[in-house]
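Notes to accompany the following structure.
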Amino acid sequence: MTTMSHIEQLSLIEAPYAETTEDDARLFAAAMAEADHWHRTRNPAYAALWVDEQRPLIPVGLFKRVALGTHVEGEGLWLSSSGTGQKGAASVFFDTASMTRIERGMRQIFYNNGMAIAQPARFLLLSPDPHRSAQPGYATSFLRFTACAPTAERVFAVDDSGRFLPELAWETLRRWSGDSAPVFVFGLTVHFEHLALAAPAQPLASKTVVRGLTGGGWKGMTRQLDRPEIVARLTQALGDSSSVDIRDIFGMTEHPLHYMSCPLGRFHIPRYSRLDIVTADGRSAPAGEVGLIRLQNPFFASLPSHDLLSEDTGRMGTGCACGNPRPWLKFLGRAGTSAETCAWKASTASGAA
Amino acid sequence: MTLPLKRSPREVARALQTWLARLPTDWPPADPETTHFCRQRLDAFADEAVLTAKLTSDLGNRPWRPLGHVLAVISENDHLGVVAALVAAALTGNRLTLKSRTGRAALESLRNALAWDETACRIADWDSRAQNDDAVLDGVDAIVAAGSASLIHHYRRTAVPSVRLIEYGPQMSAAYVAVWPDSATEQTACVDALVRDTTLFLQNVCSSPQFVLVPDKAIARALFSALAARLSTLPPLPEEIRLQQSIKAQELRMLARLEKAGEADELAIDTDTGWAVAYAPADSSLWMPRGFRLVIGNVGNIDTLRKNFPPLQTLGIWPSPENFPEEEMALHCCRLGRMHERPATAPHDGQLELAQWVRFVSCAPS
């Protein structure tokens, strides 16, 4: 992948939330063209999807259905999704070069959202330790996010079988509340919900800044509290609301980057990527209209997912009271969960499918 | 048997008539064809003779007593099923708690027409995911659970053994086009019937055909063309489902291109209505979420049918169900176009099996 200079240049952008310039647009188009060439020349299956020199917009489900990876020499890491989609978990190979670009981009995303600091910090991970046993990709992602600060201490509050341990989580937060070392809490939204439901009646009166990141495929799978309620309960339980900052993460295993919400809950799309909302008839939706989320990013050498149509719905817009000038995404949920007919459930329940 | 909650077929029929006369014409909320169909069915149901025949057919002359307090949790996709629960409770004299979100006002109006109060029939909504099972099941003698497998599993887990569980889990129905007519008129009638059965309730209830069995490729091709020409005229699917149809169509087209070297003509979709027709494999994970899925096979080959699909609830047959071993293929066989039109007295697994709402009693002669 050493020849992919435009892609490398794109990944080296240090102000990801600056407004798009003409140079930016040119660089992005060139990087996407490089990705096209890379995958078309090395991946016959992907090349077969091109029609009339038109880049295929690949639905994310196709990656779960067939092996569409592009062969990449060298070492890397296999990661799998949370498996909450209709076709189960997806596995993606992250080659070293792709991983370097992704980490570079994510570092900037964290830094520019105030989630990267130089001071040693404590990490409470509402996820299992991926070093102890094979775990879904989110466990590795949350562990990688800890690169946002030097680690003073790290605690995993989900056991190897995926069981959340609320007593351990609150005991840890109580222990850490006594001094000023910053605290980060990363985890699936559903585990944040369980943390909120198990919150002590007496607030901790934490002396430190607590930063949280929720995310993963369990969006929309919370059972009792919606996201604002979860954040409100945790904010109250952790102490002074001004020292608690809980953001959301949006991403997919098949897409290289994760996007972080602003304080107003919108995912601003950095200059590394492009966002589009696609209607049922394949049009680009105007601002504010609901449709399927389409994301473009050329960082993956091992997967031709640089133009990806997700199964999630959202709407996009520009201009945000948080001051970020980049286009934003409002995530709405997984498309079609209500489309399941009783017969569909019957075929699934009976194992006929 | 004098029971304060029990209503006679005459009283129930009159209550239904009074209620229907007062209901807004656009109830139940659905596409116009489904609303019209439901109103026709309810009108037919509001007949003393029909209800008397039902009572006689289901309970006979044997002595019985009501179960007591019945909790009914019924998918509101099935507008008729929810009303049927109220009617069943009234005919059998059971106290009823009915969970309802979207139809609450209309159902309360039916309750009032039956001269029932809140004690006799409580209609309420609550968040099932956060429900306090002890409170919900307090004093309940039976549960009518009609919906997803998870709903049924939940009540199996939480109900004590003395509570009767009346379960209607998810089921699959299908259509079978045994012959493709020669005359254009008959072809149109066949497609009309298939379209009606499929699009009513937007293919969302257990009696909706989820696949169309055809005996050979020639009939499949003819049906595909005829249905593809109709897609733009069908009632539009909700936006969320149209989005899902769109992404699935794209996935299947690409899959076809990868697996069949460019052959991607086995699917037609209308992006305005969202409806689709496709040649479909037996593997339902490769089906479009909604639409006409054409499966080539013979309904006479029961073993193949059983291997690939769960037991069918309803099988709608064109041109007619005669000469087919109906009891082996499905719980209910009928002519295509009438899949949602079971007679109230038909033996089936619908909501209104009155025998499930009572306990039969006896007394040995001395």
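Please note that chains go A, B, ... in the order of the structure tokens, that every chain numbers its residues from 1, and that ligands are numbered from 1 in the order shown.
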Could you give me, as CSV, a per-residue list for chain B showing, wherever an atom lies at most 6 Å from an atom of chain A, the closest pair of atoms and their distance in Å to one decimal, using only C-alpha atoms and sorting by chain then residue number from low to high?
```
residue,atom,partner,partner_atom,distance
B:Arg129,CA,A:Arg223,CA,5.8
B:Ala130,CA,A:Gln224,CA,5.6
B:Pro170,CA,A:Cys342,CA,4.6
B:Gln171,CA,A:Ala343,CA,5.0
B:Met172,CA,A:Ala343,CA,4.3
B:Asn204,CA,A:Thr341,CA,4.9
B:Cys206,CA,A:Cys342,CA,5.9
B:Glu240,CA,A:Gly336,CA,5.7
B:Ile241,CA,A:Gly336,CA,5.3
B:Arg242,CA,A:Ala280,CA,5.7
B:Leu243,CA,A:Ala280,CA,4.6
B:Gln244,CA,A:Gly336,CA,5.4
B:Ser246,CA,A:Ala280,CA,5.4
B:Glu251,CA,A:Leu62,CA,5.7
B:Thr271,CA,A:Asp281,CA,4.9
B:Asp283,CA,A:Ala353,CA,5.2
B:Ser284,CA,A:Ala353,CA,5.0
B:Ser285,CA,A:Ala353,CA,5.8
B:Asn308,CA,A:Ala352,CA,5.8
B:Phe309,CA,A:Ala352,CA,5.4
```
May I have the selected residues written with C-alpha atoms, as a JSON list (two decimals), in the first residue's frame?
```
[["chain", "number", "residue", "atom", "x", "y", "z"],
["B", 129, "ARG", "CA", -39.62, -4.20, 28.23],
["B", 130, "ALA", "CA", -39.77, -2.58, 31.64],
["B", 170, "PRO", "CA", -45.58, -16.36, 14.51],
["B", 171, "GLN", "CA", -46.68, -18.47, 11.57],
["B", 172, "MET", "CA", -46.09, -18.59, 7.87],
["B", 204, "ASN", "CA", -47.67, -8.36, 7.94],
["B", 206, "CYS", "CA", -49.77, -14.71, 9.77],
["B", 240, "GLU", "CA", -38.67, 2.49, 6.79],
["B", 241, "ILE", "CA", -39.60, -0.72, 4.99],
["B", 242, "ARG", "CA", -39.01, 0.85, 1.56],
["B", 243, "LEU", "CA", -35.49, 1.71, 2.71],
["B", 244, "GLN", "CA", -34.93, -1.86, 3.78],
["B", 246, "SER", "CA", -33.99, -0.84, -1.36],
["B", 251, "GLU", "CA", -27.48, -6.65, -2.00],
["B", 271, "THR", "CA", -38.94, 2.23, -5.59],
["B", 283, "ASP", "CA", -33.30, -19.93, 2.11],
["B", 284, "SER", "CA", -35.44, -17.08, 3.48],
["B", 285, "SER", "CA", -32.36, -15.07, 4.48],
["B", 308, "ASN", "CA", -37.71, -25.92, 3.70],
["B", 309, "PHE", "CA", -40.47, -24.15, 5.55]]
```
Practice item. Once DSSP has gone over the backbone, tell me which residues of stretch 101-333 of chain A are in helix (DSSP H, G or I), as a ChimeraX atom specification. Key: /A:101-112,137-148,166-176,189-197,227-238,241-243
**Study point:** Pick from B:Leu336, B:Ile166, B:Leu252, B:Leu352 nearest to B:Ala84, counting only C-alpha atoms
**Key:** B:Leu352
Check your understanding: Contacts of B:Met288 at 10 Å or less, counting only C-alpha atoms, minus same-chain residues fewer than 3 places along, as a ChimeraX atom specification?
Key -> /B:244-249,251-252,267,269,275-280,284-285,291-293
Could you please take those selected residues and save C-alpha atoms as a PDB file, in the first residue's frame?
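Output file result-v9.pdb follows:
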```
ATOM      1  CA  GLN B 244     -34.934  -1.857   3.782  1.00  0.00           C
ATOM      2  CA  GLN B 245     -36.338  -3.137   0.493  1.00  0.00           C
ATOM      3  CA  SER B 246     -33.990  -0.843  -1.365  1.00  0.00           C
ATOM      4  CA  ILE B 247     -30.817  -1.982   0.400  1.00  0.00           C
ATOM      5  CA  LYS B 248     -31.790  -5.648   0.193  1.00  0.00           C
ATOM      6  CA  ALA B 249     -32.502  -5.343  -3.530  1.00  0.00           C
ATOM      7  CA  GLU B 251     -27.475  -6.646  -2.001  1.00  0.00           C
ATOM      8  CA  LEU B 252     -29.286  -9.378  -3.939  1.00  0.00           C
ATOM      9  CA  LEU B 267     -35.693  -9.175  -9.133  1.00  0.00           C
ATOM     10  CA  ILE B 269     -38.747  -3.525  -7.425  1.00  0.00           C
ATOM     11  CA  TRP B 275     -43.001  -3.694  -3.439  1.00  0.00           C
ATOM     12  CA  ALA B 276     -40.861  -6.278  -5.191  1.00  0.00           C
ATOM     13  CA  VAL B 277     -41.135  -9.561  -7.023  1.00  0.00           C
ATOM     14  CA  ALA B 278     -38.237 -11.998  -7.077  1.00  0.00           C
ATOM     15  CA  TYR B 279     -37.345 -15.550  -7.883  1.00  0.00           C
ATOM     16  CA  ALA B 280     -36.502 -16.786  -4.417  1.00  0.00           C
ATOM     17  CA  SER B 284     -35.437 -17.080   3.477  1.00  0.00           C
ATOM     18  CA  SER B 285     -32.358 -15.070   4.477  1.00  0.00           C
ATOM     19  CA  GLY B 291     -43.036  -8.783  -1.730  1.00  0.00           C
ATOM     20  CA  PHE B 292     -43.803 -11.697  -3.989  1.00  0.00           C
ATOM     21  CA  ARG B 293     -41.154 -14.379  -3.557  1.00  0.00           C
TER      22      ARG B 293
END
```
As a CSV table (one decimal) with N, CA and C atoms, in the first residue's frame, list the residues of stretch 83-196 of chain A assigned to strand (DSSP E) by DSSP on the backbone atoms of this structure.
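Final file, part.csv:
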```
chain,number,residue,atom,x,y,z
A,91,SER,N,-16.6,-10.3,10.1
A,91,SER,CA,-15.2,-10.3,10.4
A,91,SER,C,-14.5,-9.5,9.3
A,92,VAL,N,-13.5,-8.7,9.8
A,92,VAL,CA,-12.8,-7.9,8.9
A,92,VAL,C,-11.3,-8.0,9.3
A,93,PHE,N,-10.5,-8.1,8.2
A,93,PHE,CA,-9.0,-8.2,8.5
A,93,PHE,C,-8.5,-6.7,8.4
A,94,PHE,N,-7.8,-6.3,9.5
A,94,PHE,CA,-7.2,-5.0,9.5
A,94,PHE,C,-5.7,-5.2,9.3
A,95,ASP,N,-5.2,-4.9,8.1
A,95,ASP,CA,-3.7,-5.0,7.8
A,95,ASP,C,-3.0,-3.9,8.5
A,121,ALA,N,-4.4,8.8,32.9
A,121,ALA,CA,-5.9,8.7,33.2
A,121,ALA,C,-6.2,7.3,33.6
A,122,ARG,N,-7.4,7.1,34.2
A,122,ARG,CA,-7.9,5.8,34.5
A,122,ARG,C,-9.0,5.4,33.6
A,123,PHE,N,-9.0,4.2,33.2
A,123,PHE,CA,-10.0,3.7,32.2
A,123,PHE,C,-10.9,2.6,32.8
A,124,LEU,N,-12.2,2.9,32.8
A,124,LEU,CA,-13.2,1.9,33.1
A,124,LEU,C,-13.8,1.4,31.8
A,125,LEU,N,-13.5,0.2,31.4
A,125,LEU,CA,-14.0,-0.3,30.1
A,125,LEU,C,-15.2,-1.2,30.4
A,126,LEU,N,-16.4,-0.8,29.9
A,126,LEU,CA,-17.6,-1.7,30.0
A,126,LEU,C,-17.5,-2.7,28.9
A,151,THR,N,-2.0,5.5,30.4
A,151,THR,CA,-2.9,4.7,31.3
A,151,THR,C,-2.3,4.6,32.7
A,152,ALA,N,-3.1,5.2,33.7
A,152,ALA,CA,-2.7,5.0,35.1
A,152,ALA,C,-3.3,3.7,35.6
A,153,GLU,N,-4.5,3.4,35.2
A,153,GLU,CA,-5.1,2.1,35.7
A,153,GLU,C,-6.2,1.8,34.7
A,154,ARG,N,-6.5,0.5,34.5
A,154,ARG,CA,-7.5,0.1,33.6
A,154,ARG,C,-8.3,-1.1,34.2
A,155,VAL,N,-9.6,-1.0,34.2
A,155,VAL,CA,-10.5,-2.0,34.7
A,155,VAL,C,-11.5,-2.4,33.7
A,156,PHE,N,-11.6,-3.8,33.5
A,156,PHE,CA,-12.7,-4.3,32.6
A,156,PHE,C,-13.9,-4.7,33.4
A,183,VAL,N,-10.9,10.4,34.5
A,183,VAL,CA,-11.4,9.1,34.3
A,183,VAL,C,-12.1,9.0,32.9
A,184,PHE,N,-11.9,7.9,32.2
A,184,PHE,CA,-12.6,7.6,31.0
A,184,PHE,C,-13.4,6.4,31.2
A,185,VAL,N,-14.7,6.4,30.7
A,185,VAL,CA,-15.5,5.2,30.7
A,185,VAL,C,-15.9,4.9,29.2
A,186,PHE,N,-15.6,3.8,28.7
A,186,PHE,CA,-15.9,3.4,27.4
A,186,PHE,C,-16.8,2.1,27.4
A,187,GLY,N,-17.8,2.1,26.6
A,187,GLY,CA,-18.6,0.9,26.6
A,187,GLY,C,-19.8,0.9,25.7
A,188,LEU,N,-20.4,-0.2,25.5
A,188,LEU,CA,-21.6,-0.3,24.7
A,188,LEU,C,-22.8,0.5,25.4
```
Using only C-alpha atoms, which residues sit within 12 Å of B:Ala135 once same-chain residues fewer than 6 positions away are excluded, as a CSV table (one decimal) with C-alpha atoms, in the first residue's frame?
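Result went into part-v8.csv, see below:
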```csv
chain,number,residue,atom,x,y,z
B,71,LEU,CA,-54.7,-10.9,30.0
B,126,TRP,CA,-47.4,-0.1,29.3
B,158,THR,CA,-43.1,-15.7,34.1
B,159,ALA,CA,-46.5,-17.3,34.4
```
Check your understanding: Using only C-alpha atoms, which residues sit within 9 Å of stretch 261-270 of chain A once same-chain residues fewer than 3 positions away are excluded, as a PyMOL selection string?
Key -> chain A and resi 15-18+109+113+245-250+273-275+318+320-322+324-331
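Taking atom CA of B:Ser109 as the reference point, atom CA of B:Leu91 is found at 17.4 Å.
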Check your understanding: Got a sec: who's within 9 Å of B:His79, counting only C-alpha atoms, leaving out chain neighbours fewer than 2 positions off, as JSON, numbers by chain?
Key -> {"B": [28, 29, 38, 75, 76, 77, 81, 82, 83, 84, 103]}
**Study point:** Residue nearest B:Glu167 - candidates B:Ala15, B:Ala256, B:Ala330, B:Ala72, atoms counted: only C-alpha atoms
**Key:** B:Ala72
Study note, to complete from the structure: A:Ser302 proximity check over A:Met32, A:Ile13, A:Ala97, A:Ala201, using only C-alpha atoms: winner is A:Ala97
Point to revise | Pairwise distance for atom CA of B:Arg157 and atom CA of B:Ile143, rounded to one decimal in Å | key: 12.4 Å
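Between atom CA of B:Asp31 and atom CA of B:Thr198 the separation is 13.0 Å.
For the choices B:Leu80, B:Leu354, B:Ala124, B:Val212, the atom-to-atom distance to B:Thr92 is smallest for B:Leu354 when using only C-alpha atoms.
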